[in-house]
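Peer 1: Sharing protein-v8.cif here; it has mmCIF, C-alpha atoms, pLDDT in the B column; chains and numbers go by the auth columns.
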```cif
data_my_file
#
loop_
_atom_site.group_PDB
_atom_site.id
_atom_site.type_symbol
_atom_site.label_atom_id
_atom_site.label_comp_id
_atom_site.label_asym_id
_atom_site.label_seq_id
_atom_site.Cartn_x
_atom_site.Cartn_y
_atom_site.Cartn_z
_atom_site.B_iso_or_equiv
_atom_site.auth_seq_id
_atom_site.auth_asym_id
ATOM 1 C CA LYS A 1 -22.168 24.109 13.076 77.00 1100 T
ATOM 2 C CA LEU A 2 -23.034 20.962 11.117 85.00 1101 T
ATOM 3 C CA GLY A 3 -24.785 19.242 13.994 90.00 1102 T
ATOM 4 C CA VAL A 4 -22.771 16.048 13.562 90.00 1103 T
ATOM 5 C CA PRO A 5 -20.403 14.256 15.968 88.00 1104 T
ATOM 6 C CA ARG A 6 -16.902 15.704 16.097 86.00 1105 T
ATOM 7 C CA PRO A 7 -14.065 13.611 14.649 88.00 1106 T
ATOM 8 C CA VAL A 8 -12.073 11.621 17.166 89.00 1107 T
ATOM 9 C CA SER A 9 -9.183 10.393 15.023 90.00 1108 T
ATOM 10 C CA CYS A 10 -7.101 11.403 12.029 89.00 1109 T
ATOM 11 C CA GLN A 11 -6.025 8.758 9.521 90.00 1110 T
ATOM 12 C CA ASN A 12 -2.790 10.138 8.163 90.00 1111 T
ATOM 13 C CA ASP A 13 0.285 8.814 6.377 92.00 1112 T
ATOM 14 C CA PHE A 14 2.887 8.509 9.133 93.00 1113 T
ATOM 15 C CA SER A 15 6.101 6.535 9.434 95.00 1114 T
ATOM 16 C CA LEU A 16 9.844 6.785 9.918 96.00 1115 T
ATOM 17 C CA LEU A 17 9.884 7.990 6.306 95.00 1116 T
ATOM 18 C CA ASN A 18 7.156 10.600 6.739 94.00 1117 T
ATOM 19 C CA ARG A 19 6.811 12.534 9.997 93.00 1118 T
ATOM 20 C CA THR A 20 5.141 15.617 8.524 91.00 1119 T
ATOM 21 C CA TYR A 21 2.131 15.049 10.803 91.00 1120 T
ATOM 22 C CA GLU A 22 4.309 16.092 13.738 90.00 1121 T
ATOM 23 C CA ASN A 23 5.064 19.492 12.222 84.00 1122 T
ATOM 24 C CA ASP A 24 1.678 21.172 12.592 78.00 1123 T
ATOM 25 C CA THR A 25 -1.281 18.785 12.333 87.00 1124 T
ATOM 26 C CA TRP A 26 -0.411 17.190 15.667 88.00 1125 T
ATOM 27 C CA GLU A 27 -0.782 20.527 17.447 88.00 1126 T
ATOM 28 C CA ALA A 28 -4.193 21.169 15.899 87.00 1127 T
ATOM 29 C CA ALA A 29 -5.324 17.611 16.599 89.00 1128 T
ATOM 30 C CA TYR A 30 -4.242 17.879 20.235 88.00 1129 T
ATOM 31 C CA ARG A 31 -6.155 21.126 20.655 88.00 1130 T
ATOM 32 C CA PHE A 32 -9.368 19.533 19.393 88.00 1131 T
ATOM 33 C CA GLY A 33 -8.915 16.197 21.145 89.00 1132 T
ATOM 34 C CA VAL A 34 -8.217 14.238 17.955 91.00 1133 T
ATOM 35 C CA VAL A 35 -5.761 11.331 18.063 90.00 1134 T
ATOM 36 C CA GLY A 36 -3.713 9.961 15.203 91.00 1135 T
ATOM 37 C CA LEU A 37 -4.692 6.657 13.588 90.00 1136 T
ATOM 38 C CA PRO A 38 -2.021 6.454 10.895 92.00 1137 T
ATOM 39 C CA TYR A 39 -1.574 4.153 7.936 92.00 1138 T
ATOM 40 C CA GLY A 40 1.606 3.488 5.967 92.00 1139 T
ATOM 41 C CA VAL A 41 3.640 2.878 9.123 94.00 1140 T
ATOM 42 C CA LEU A 42 5.754 0.295 7.283 94.00 1141 T
ATOM 43 C CA GLY A 43 6.163 2.544 4.261 92.00 1142 T
ATOM 44 C CA GLY A 44 4.398 0.139 1.944 90.00 1143 T
ATOM 45 C CA GLY A 45 6.643 -2.657 3.213 91.00 1144 T
ATOM 46 C CA VAL A 46 9.894 -0.822 2.493 93.00 1145 T
ATOM 47 C CA LEU A 47 10.674 -0.436 6.208 95.00 1146 T
ATOM 48 C CA THR A 48 10.501 -4.212 6.713 94.00 1147 T
ATOM 49 C CA GLY A 49 13.731 -4.547 4.744 93.00 1148 T
ATOM 50 C CA LYS A 50 12.240 -7.090 2.359 92.00 1149 T
ATOM 51 C CA TYR A 51 13.021 -5.040 -0.742 91.00 1150 T
ATOM 52 C CA PHE A 52 16.767 -5.146 -0.111 90.00 1151 T
ATOM 53 C CA ASP A 53 17.748 -8.119 -2.240 88.00 1152 T
ATOM 54 C CA GLY A 54 20.300 -10.519 -0.841 89.00 1153 T
ATOM 55 C CA THR A 55 19.554 -9.676 2.794 91.00 1154 T
ATOM 56 C CA LYS A 56 18.125 -11.931 5.483 93.00 1155 T
ATOM 57 C CA HIS A 57 15.021 -9.761 5.557 93.00 1156 T
ATOM 58 C CA ALA A 58 14.361 -10.362 1.866 90.00 1157 T
ATOM 59 C CA ALA A 59 14.939 -14.098 2.312 93.00 1158 T
ATOM 60 C CA LYS A 60 12.599 -14.181 5.303 93.00 1159 T
ATOM 61 C CA ALA A 61 9.853 -12.400 3.382 91.00 1160 T
ATOM 62 C CA GLU A 62 10.322 -14.583 0.302 92.00 1161 T
ATOM 63 C CA ALA A 63 9.987 -17.740 2.406 93.00 1162 T
ATOM 64 C CA ASP A 64 6.713 -16.456 3.839 92.00 1163 T
ATOM 65 C CA ARG A 65 5.222 -15.101 0.607 91.00 1164 T
ATOM 66 C CA PRO A 66 6.798 -14.601 -2.849 90.00 1165 T
ATOM 67 C CA LEU A 67 8.128 -11.071 -3.183 88.00 1166 T
ATOM 68 C CA SER A 68 6.820 -11.022 -6.736 89.00 1167 T
ATOM 69 C CA LEU A 69 3.352 -10.721 -5.176 89.00 1168 T
ATOM 70 C CA SER A 70 4.283 -7.815 -2.908 87.00 1169 T
ATOM 71 C CA ARG A 71 3.091 -4.291 -3.570 83.00 1170 T
ATOM 72 C CA HIS A 72 6.133 -2.676 -5.148 83.00 1171 T
ATOM 73 C CA ARG A 73 6.970 -5.700 -7.283 84.00 1172 T
ATOM 74 C CA SER A 74 3.461 -6.417 -8.553 85.00 1173 T
ATOM 75 C CA ARG A 75 2.187 -2.819 -8.699 83.00 1174 T
ATOM 76 C CA PRO A 76 5.197 -0.470 -8.846 77.00 1175 T
ATOM 77 C CA ASP A 77 3.042 2.482 -9.914 76.00 1176 T
ATOM 78 C CA PHE A 78 0.823 2.248 -6.812 80.00 1177 T
ATOM 79 C CA GLN A 79 2.001 4.663 -4.095 81.00 1178 T
ATOM 80 C CA PRO A 80 5.529 4.798 -5.546 81.00 1179 T
ATOM 81 C CA ARG A 81 6.566 7.413 -2.981 84.00 1180 T
ATOM 82 C CA TYR A 82 7.425 4.669 -0.500 86.00 1181 T
ATOM 83 C CA GLY A 83 9.948 3.109 -2.843 83.00 1182 T
ATOM 84 C CA MET A 84 11.648 6.236 -4.176 83.00 1183 T
ATOM 85 C CA PRO A 85 15.472 6.087 -4.237 83.00 1184 T
ATOM 86 C CA ALA A 86 15.836 8.600 -1.394 85.00 1185 T
ATOM 87 C CA ALA A 87 13.302 6.652 0.668 88.00 1186 T
ATOM 88 C CA MET A 88 15.202 3.436 0.021 89.00 1187 T
ATOM 89 C CA LEU A 89 18.413 4.980 1.332 89.00 1188 T
ATOM 90 C CA ALA A 90 16.633 6.123 4.482 93.00 1189 T
ATOM 91 C CA ALA A 91 14.929 2.754 4.929 94.00 1190 T
ATOM 92 C CA GLU A 92 18.270 0.990 4.627 93.00 1191 T
ATOM 93 C CA ALA A 93 19.637 3.151 7.447 95.00 1192 T
ATOM 94 C CA TYR A 94 16.663 2.294 9.671 97.00 1193 T
ATOM 95 C CA VAL A 95 17.078 -1.406 8.858 96.00 1194 T
ATOM 96 C CA HIS A 96 20.710 -1.273 10.008 96.00 1195 T
ATOM 97 C CA LEU A 97 19.650 0.597 13.148 97.00 1196 T
ATOM 98 C CA ALA A 98 17.143 -2.123 14.034 97.00 1197 T
ATOM 99 C CA GLU A 99 19.799 -4.785 13.519 96.00 1198 T
ATOM 100 C CA ARG A 100 22.160 -2.970 15.889 96.00 1199 T
ATOM 101 C CA TYR A 101 19.541 -3.213 18.633 96.00 1200 T
ATOM 102 C CA GLY A 102 18.654 -6.835 17.949 96.00 1201 T
ATOM 103 C CA ILE A 103 15.113 -6.296 16.691 96.00 1202 T
ATOM 104 C CA SER A 104 13.562 -6.634 13.262 95.00 1203 T
ATOM 105 C CA PRO A 105 13.046 -3.588 11.023 96.00 1204 T
ATOM 106 C CA THR A 106 9.306 -4.233 11.210 95.00 1205 T
ATOM 107 C CA GLU A 107 9.402 -4.170 14.997 96.00 1206 T
ATOM 108 C CA LEU A 108 11.323 -0.903 14.981 97.00 1207 T
ATOM 109 C CA ALA A 109 8.919 0.822 12.589 97.00 1208 T
ATOM 110 C CA LEU A 110 5.765 -0.325 14.377 95.00 1209 T
ATOM 111 C CA ALA A 111 6.999 0.064 17.949 96.00 1210 T
ATOM 112 C CA TRP A 112 8.318 3.550 17.215 96.00 1211 T
ATOM 113 C CA ALA A 113 5.037 4.717 15.643 95.00 1212 T
ATOM 114 C CA SER A 114 2.996 3.135 18.415 93.00 1213 T
ATOM 115 C CA ALA A 115 5.076 4.937 21.044 93.00 1214 T
ATOM 116 C CA ARG A 116 4.507 8.389 19.551 92.00 1215 T
ATOM 117 C CA ALA A 117 2.213 10.412 21.786 88.00 1216 T
ATOM 118 C CA CYS A 118 0.261 11.715 18.799 89.00 1217 T
ATOM 119 C CA ASN A 119 -1.091 8.261 17.952 90.00 1218 T
ATOM 120 C CA GLY A 120 -3.952 6.471 19.652 88.00 1219 T
ATOM 121 C CA SER A 121 -3.232 3.353 17.613 89.00 1220 T
ATOM 122 C CA ILE A 122 -1.872 2.454 14.183 91.00 1221 T
ATOM 123 C CA ILE A 123 -3.282 0.683 11.143 90.00 1222 T
ATOM 124 C CA THR A 124 -1.364 -2.340 9.906 89.00 1223 T
ATOM 125 C CA GLY A 125 -1.787 -4.252 6.677 86.00 1224 T
ATOM 126 C CA THR A 126 -0.893 -7.940 6.712 87.00 1225 T
ATOM 127 C CA THR A 127 -1.208 -10.788 4.235 88.00 1226 T
ATOM 128 C CA THR A 128 0.185 -13.736 6.212 91.00 1227 T
ATOM 129 C CA VAL A 129 -0.065 -15.161 9.725 92.00 1228 T
ATOM 130 C CA LYS A 130 3.655 -14.584 10.316 92.00 1229 T
ATOM 131 C CA GLN A 131 3.225 -10.911 9.527 91.00 1230 T
ATOM 132 C CA VAL A 132 0.421 -10.698 12.084 91.00 1231 T
ATOM 133 C CA GLU A 133 2.621 -12.384 14.690 92.00 1232 T
ATOM 134 C CA GLU A 134 5.471 -9.950 14.057 91.00 1233 T
ATOM 135 C CA CYS A 135 3.095 -7.004 14.381 90.00 1234 T
ATOM 136 C CA ILE A 136 1.872 -8.314 17.723 91.00 1235 T
ATOM 137 C CA SER A 137 5.427 -8.724 19.013 91.00 1236 T
ATOM 138 C CA ALA A 138 6.211 -5.155 17.939 92.00 1237 T
ATOM 139 C CA PHE A 139 3.361 -3.754 20.021 91.00 1238 T
ATOM 140 C CA LYS A 140 4.813 -5.464 23.092 92.00 1239 T
ATOM 141 C CA LEU A 141 8.165 -3.722 22.716 93.00 1240 T
ATOM 142 C CA GLU A 142 9.267 -0.647 24.620 94.00 1241 T
ATOM 143 C CA LEU A 143 12.100 0.959 22.698 96.00 1242 T
ATOM 144 C CA PRO A 144 15.006 2.271 24.803 96.00 1243 T
ATOM 145 C CA GLU A 145 15.749 5.982 24.857 96.00 1244 T
ATOM 146 C CA PRO A 146 19.093 5.642 23.015 97.00 1245 T
ATOM 147 C CA LEU A 147 17.288 3.921 20.146 97.00 1246 T
ATOM 148 C CA MET A 148 14.603 6.615 20.026 96.00 1247 T
ATOM 149 C CA ALA A 149 17.353 9.239 19.960 96.00 1248 T
ATOM 150 C CA ALA A 150 19.111 7.394 17.138 97.00 1249 T
ATOM 151 C CA VAL A 151 15.855 7.430 15.164 97.00 1250 T
ATOM 152 C CA ASP A 152 15.681 11.203 15.550 96.00 1251 T
ATOM 153 C CA GLU A 153 19.274 11.535 14.365 95.00 1252 T
ATOM 154 C CA LEU A 154 18.479 9.579 11.211 95.00 1253 T
ATOM 155 C CA HIS A 155 15.387 11.708 10.731 95.00 1254 T
ATOM 156 C CA GLU A 156 17.589 14.804 10.655 93.00 1255 T
ATOM 157 C CA GLN A 157 19.697 13.137 7.976 91.00 1256 T
ATOM 158 C CA PHE A 158 16.748 11.872 5.911 90.00 1257 T
ATOM 159 C CA ARG A 159 13.970 14.459 6.115 89.00 1258 T
ATOM 160 C CA GLU A 160 10.634 13.106 4.834 90.00 1259 T
ATOM 161 C CA PRO A 161 12.099 11.190 1.852 88.00 1260 T
ATOM 162 C CA THR A 162 8.675 9.977 0.705 86.00 1261 T
ATOM 163 C CA MET A 163 7.268 13.488 0.362 82.00 1262 T
ATOM 164 C CA PHE A 164 8.084 14.392 -3.232 65.00 1263 T
ATOM 165 C CA TYR A 165 6.219 17.397 -4.583 58.00 1264 T
ATOM 166 C CA HIS A 166 7.654 18.314 -7.964 61.00 1265 T
ATOM 167 C CA SER A 167 8.095 15.381 -10.293 67.00 1266 T
ATOM 168 C CA LYS A 168 7.933 11.633 -9.873 67.00 1267 T
ATOM 169 C CA GLN A 169 10.462 11.165 -12.672 69.00 1268 T
ATOM 170 C CA VAL A 170 12.940 13.554 -11.060 67.00 1269 T
ATOM 171 C CA CYS A 171 12.721 11.540 -7.860 64.00 1270 T
ATOM 172 C CA MET A 172 13.041 8.275 -9.763 64.00 1271 T
ATOM 173 C CA ASP A 173 16.271 9.482 -11.390 67.00 1272 T
ATOM 174 C CA ALA A 174 17.468 11.000 -8.093 60.00 1273 T
ATOM 175 C CA LYS A 175 21.043 11.584 -9.183 60.00 1274 T
ATOM 176 C CA TRP A 176 21.706 13.571 -6.014 54.00 1275 T
ATOM 177 C CA VAL A 177 21.326 10.525 -3.767 56.00 1276 T
ATOM 178 C CA GLY A 178 24.095 8.550 -5.437 55.00 1277 T
ATOM 179 C CA ALA A 179 24.431 5.522 -7.648 51.00 1278 T
ATOM 180 C CA SER A 180 23.597 3.100 -4.834 54.00 1279 T
ATOM 181 C CA ALA A 181 20.005 4.317 -4.622 59.00 1280 T
ATOM 182 C CA ARG A 182 17.292 2.378 -6.395 65.00 1281 T
ATOM 183 C CA HIS A 183 13.552 1.978 -6.499 69.00 1282 T
ATOM 184 C CA ALA A 184 11.856 -0.738 -4.484 73.00 1283 T
ATOM 185 C CA SER A 185 10.420 -2.351 -7.607 69.00 1284 T
ATOM 186 C CA GLU A 186 12.512 -4.292 -10.070 51.00 1285 T
ATOM 187 C CA PRO A 187 12.753 -2.998 -13.659 40.00 1286 T
ATOM 188 C CA ARG A 188 10.060 -4.518 -15.806 39.00 1287 T
ATOM 189 C CA SER A 189 11.001 -6.718 -18.704 42.00 1288 T
ATOM 190 C CA TRP A 190 9.937 -5.465 -22.136 36.00 1289 T
ATOM 191 C CA VAL A 191 7.239 -8.145 -22.229 38.00 1290 T
ATOM 192 C CA LYS A 192 5.729 -7.006 -18.938 42.00 1291 T
ATOM 193 C CA ALA A 193 6.037 -3.348 -19.915 42.00 1292 T
ATOM 194 C CA LEU A 194 4.274 -4.104 -23.185 39.00 1293 T
ATOM 195 C CA ALA A 195 1.514 -5.944 -21.358 41.00 1294 T
ATOM 196 C CA PHE A 196 0.915 -2.891 -19.166 41.00 1295 T
ATOM 197 C CA SER A 197 0.751 -0.541 -22.171 46.00 1296 T
ATOM 198 C CA PRO A 198 -2.703 1.130 -22.480 48.00 1297 T
ATOM 199 C CA ALA A 199 -2.576 0.828 -26.269 50.00 1298 T
ATOM 200 C CA VAL A 200 -1.955 -2.910 -26.061 45.00 1299 T
ATOM 201 C CA ARG A 201 -4.765 -3.327 -23.533 50.00 1300 T
ATOM 202 C CA ILE A 202 -7.216 -1.494 -25.800 55.00 1301 T
ATOM 203 C CA ALA A 203 -6.151 -3.544 -28.804 54.00 1302 T
ATOM 204 C CA ALA A 204 -6.457 -6.782 -26.833 52.00 1303 T
ATOM 205 C CA ALA A 205 -9.932 -5.812 -25.673 54.00 1304 T
ATOM 206 C CA ALA A 206 -10.960 -5.023 -29.253 57.00 1305 T
ATOM 207 C CA VAL A 207 -9.619 -8.346 -30.538 54.00 1306 T
ATOM 208 C CA GLY A 208 -11.306 -10.205 -27.700 55.00 1307 T
ATOM 209 C CA GLY A 209 -14.596 -8.475 -28.422 57.00 1308 T
ATOM 210 C CA ALA A 210 -14.363 -9.320 -32.108 57.00 1309 T
ATOM 211 C CA MET A 211 -13.667 -12.977 -31.314 55.00 1310 T
ATOM 212 C CA LEU A 212 -16.657 -13.176 -28.980 55.00 1311 T
ATOM 213 C CA ALA A 213 -18.881 -11.549 -31.597 58.00 1312 T
ATOM 214 C CA THR A 214 -17.682 -14.048 -34.212 58.00 1313 T
ATOM 215 C CA LEU A 215 -18.363 -17.015 -31.920 54.00 1314 T
ATOM 216 C CA ALA A 216 -21.822 -15.679 -31.086 56.00 1315 T
ATOM 217 C CA ALA A 217 -22.632 -15.263 -34.784 61.00 1316 T
ATOM 218 C CA ARG A 218 -21.531 -18.825 -35.545 60.00 1317 T
ATOM 219 C CA ARG A 219 -23.721 -20.238 -32.779 56.00 1318 T
ATOM 220 C CA LYS A 220 -26.744 -18.523 -34.300 55.00 1319 T
#
```
Starting from the file, lay out its structure as structure tokens.
Peer 2:
Amino acid sequence: KLGVPRPVSCQNDFSLLNRTYENDTWEAAYRFGVVGLPYGVLGGGVLTGKYFDGTKHAAKAEADRPLSLSRHRSRPDFQPRYGMPAAMLAAEAYVHLAERYGISPTELALAWASARACNGSIITGTTTVKQVEECISAFKLELPEPLMAAVDELHEQFREPTMFYHSKQVCMDAKWVGASARHASEPRSWVKALAFSPAVRIAAAAVGGAMLATLAARRK
């Protein structure tokens, strides 16, 4: 009707933590010859295991690039769904599953998504050479059927934990998932919280503007 080329791919949020695409969109996409080209396959980095402090995965990530620079530590309010307490519990289960099969959590997440028939390819986001190398190794893997079945079993236990619809704060508190659950980001110190306050930012901008105006007047 529009006289434009038909779409050939669908860029959707898809991962071990969010398989909603498989529920209905996949069927429609298949009917119209559209393949999946998903993002978020590593759940914002949560599925790499690097946000589980004290683990070898966190140590590995820290050695490659300071975790303080990673998404959920530097910008905890950006796409917080990936680091919600329920999502962290699910991610921890997938991390343990990968360890049982002798592969990294990153390899499990990427190889699984790449193997899904609904996807033509997947979008990865990397910041270091080592991350690129691990992504490449993941695409060379062929996951065994028992592992794929184990993934489906965990999916039945943790249904779409990143898909919160009602309230971010309710999910942050998440009393129903137990005391062991936590958010991927560390609690901010009062200094950092103050620095991120809109009121403080406005005041700082006003003070800065006044100082610049004063300096300009003196130069005249």
Peer 1: T:Met1247: which residues within 12 Å, counting all atoms listed in the file, same-chain residues fewer than 6 positions away excluded, as a short mmCIF file (atom, residue, chain, number, x, y, z; two decimals) with C-alpha atoms, in the coordinates of the input?
Peer 2:
```cif
data_model
loop_
_atom_site.label_atom_id
_atom_site.label_comp_id
_atom_site.auth_asym_id
_atom_site.auth_seq_id
_atom_site.Cartn_x
_atom_site.Cartn_y
_atom_site.Cartn_z
CA LEU T 1115 9.84 6.78 9.92
CA TYR T 1193 16.66 2.29 9.67
CA LEU T 1196 19.65 0.60 13.15
CA ALA T 1197 17.14 -2.12 14.03
CA TYR T 1200 19.54 -3.21 18.63
CA LEU T 1207 11.32 -0.90 14.98
CA ALA T 1208 8.92 0.82 12.59
CA ALA T 1210 7.00 0.06 17.95
CA TRP T 1211 8.32 3.55 17.22
CA ALA T 1212 5.04 4.72 15.64
CA ALA T 1214 5.08 4.94 21.04
CA ARG T 1215 4.51 8.39 19.55
CA GLU T 1241 9.27 -0.65 24.62
CA LEU T 1253 18.48 9.58 11.21
CA HIS T 1254 15.39 11.71 10.73
#
```
Peer 1: Written as an NGL selection string, which residues does the PyMOL selection byres ((chain T and resi 1164-1167) around 12) give for the file shown?
Peer 2: :T and (1144-1145 or 1148-1152 or 1156-1163 or 1168-1175 or 1225-1230 or 1283-1285 or 1287)
Peer 1: With C-alpha atoms retained, write the just-selected residues as an mmCIF file, keeping the file's coordinate frame.
Peer 2:
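Generated output (part.cif):
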```cif
data_model
loop_
_atom_site.group_PDB
_atom_site.id
_atom_site.type_symbol
_atom_site.label_atom_id
_atom_site.label_comp_id
_atom_site.auth_asym_id
_atom_site.auth_seq_id
_atom_site.Cartn_x
_atom_site.Cartn_y
_atom_site.Cartn_z
ATOM 1 C CA GLY T 1144 6.643 -2.657 3.213
ATOM 2 C CA VAL T 1145 9.894 -0.822 2.493
ATOM 3 C CA GLY T 1148 13.731 -4.547 4.744
ATOM 4 C CA LYS T 1149 12.240 -7.090 2.359
ATOM 5 C CA TYR T 1150 13.021 -5.040 -0.742
ATOM 6 C CA PHE T 1151 16.767 -5.146 -0.111
ATOM 7 C CA ASP T 1152 17.748 -8.119 -2.240
ATOM 8 C CA HIS T 1156 15.021 -9.761 5.557
ATOM 9 C CA ALA T 1157 14.361 -10.362 1.866
ATOM 10 C CA ALA T 1158 14.939 -14.098 2.312
ATOM 11 C CA LYS T 1159 12.599 -14.181 5.303
ATOM 12 C CA ALA T 1160 9.853 -12.400 3.382
ATOM 13 C CA GLU T 1161 10.322 -14.583 0.302
ATOM 14 C CA ALA T 1162 9.987 -17.740 2.406
ATOM 15 C CA ASP T 1163 6.713 -16.456 3.839
ATOM 16 C CA LEU T 1168 3.352 -10.721 -5.176
ATOM 17 C CA SER T 1169 4.283 -7.815 -2.908
ATOM 18 C CA ARG T 1170 3.091 -4.291 -3.570
ATOM 19 C CA HIS T 1171 6.133 -2.676 -5.148
ATOM 20 C CA ARG T 1172 6.970 -5.700 -7.283
ATOM 21 C CA SER T 1173 3.461 -6.417 -8.553
ATOM 22 C CA ARG T 1174 2.187 -2.819 -8.699
ATOM 23 C CA PRO T 1175 5.197 -0.470 -8.846
ATOM 24 C CA THR T 1225 -0.893 -7.940 6.712
ATOM 25 C CA THR T 1226 -1.208 -10.788 4.235
ATOM 26 C CA THR T 1227 0.185 -13.736 6.212
ATOM 27 C CA VAL T 1228 -0.065 -15.161 9.725
ATOM 28 C CA LYS T 1229 3.655 -14.584 10.316
ATOM 29 C CA GLN T 1230 3.225 -10.911 9.527
ATOM 30 C CA ALA T 1283 11.856 -0.738 -4.484
ATOM 31 C CA SER T 1284 10.420 -2.351 -7.607
ATOM 32 C CA GLU T 1285 12.512 -4.292 -10.070
ATOM 33 C CA ARG T 1287 10.060 -4.518 -15.806
#
```
Peer 1: Let me make sure I understand: among T:Leu1141, T:Ala1186, T:Leu1146, T:Ala1127, which one has the smallest atom-to-atom distance to T:Cys1109 if we use all atoms listed in the file?
Peer 2: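 Closest to T:Cys1109, using all atoms listed in the file: T:Ala1127.
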Peer 1: Distance atom CA of T:Arg1180-atom CA of T:Tyr1120, one decimal place?
Peer 2: 16.4 Å
Peer 1: Any idea what the distance is between atom CA of T:Met1262 and atom CA of T:Ile1221?
Peer 2: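 So the two atoms, atom CA of T:Met1262 and atom CA of T:Ile1221, lie 19.9 Å apart.
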Peer 1: Run the PyMOL selection byres ((chain T and resi 1100-1108) around 10) against the file shown and list the residues it catches, as a VMD selection string.
Peer 2: chain T and resid 1109 to 1111 1128 1131 to 1137 1218 to 1220
Peer 1: Can you work out which one of T:Thr1223, T:Thr1124, T:Gly1201, T:Asp1176 has the shortest atom-to-atom distance to T:Ile1235, counting all atoms listed in the file?
Peer 2: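 For T:Ile1235, the nearest of the candidates is T:Thr1223.
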Peer 1: Would you mind reading off the distance between atom CA of T:Ala1248 and atom CA of T:Met1187, one decimal, in Å?
Peer 2: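 Atom CA of T:Met1187 lies at a distance of 20.9 Å from atom CA of T:Ala1248.
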Peer 1: Point out the residue among T:Gln1178, T:Thr1154, T:Thr1147, T:Thr1261 with the least atom-to-atom distance to T:Cys1234, counting only C-alpha atoms.
Peer 2: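 Checking each candidate against T:Cys1234, we get T:Thr1147 as the closest.
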Peer 1: How big is the axis-aligned box around all listed atoms of stretch 1250-1257 of chain T once 5 Å goes on each side, and where's its centre, in Å to one decimal, as AutoDock Vina command-line options?
Peer 2:
```
--center_x 17.5 --center_y 11.1 --center_z 10.7 --size_x 14.3 --size_y 17.4 --size_z 19.6
```
Peer 1: For the point (12.2, 11.8, 1.2) in file coordinates, what residues are within 8 Å, counting all atoms listed in the file? Give the answer as a PDB file with C-alpha atoms, keeping the file's coordinate frame?
Peer 2:
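Writing the result to out_0.pdb gives the following:
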```pdb
ATOM      1  CA  LEU T1116       9.884   7.990   6.306  1.00 95.00           C
ATOM      2  CA  ASN T1117       7.156  10.600   6.739  1.00 94.00           C
ATOM      3  CA  MET T1183      11.648   6.236  -4.176  1.00 83.00           C
ATOM      4  CA  ALA T1185      15.836   8.600  -1.394  1.00 85.00           C
ATOM      5  CA  ALA T1186      13.302   6.652   0.668  1.00 88.00           C
ATOM      6  CA  ALA T1189      16.633   6.123   4.482  1.00 93.00           C
ATOM      7  CA  PHE T1257      16.748  11.872   5.911  1.00 90.00           C
ATOM      8  CA  ARG T1258      13.970  14.459   6.115  1.00 89.00           C
ATOM      9  CA  GLU T1259      10.634  13.106   4.834  1.00 90.00           C
ATOM     10  CA  PRO T1260      12.099  11.190   1.852  1.00 88.00           C
ATOM     11  CA  THR T1261       8.675   9.977   0.705  1.00 86.00           C
ATOM     12  CA  MET T1262       7.268  13.488   0.362  1.00 82.00           C
ATOM     13  CA  PHE T1263       8.084  14.392  -3.232  1.00 65.00           C
TER      14      PHE T1263
END
```
Peer 1: Run through the PyMOL selection byres ((chain T and resi 1140) around 6) on the given coordinates and return the selected residues as a list in words.
Peer 2: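 This file, filtered by the PyMOL selection byres ((chain T and resi 1140) around 6), leaves Phe1113, Ser1114, Tyr1138, Gly1139, Leu1141 and Gly1142 of chain T.
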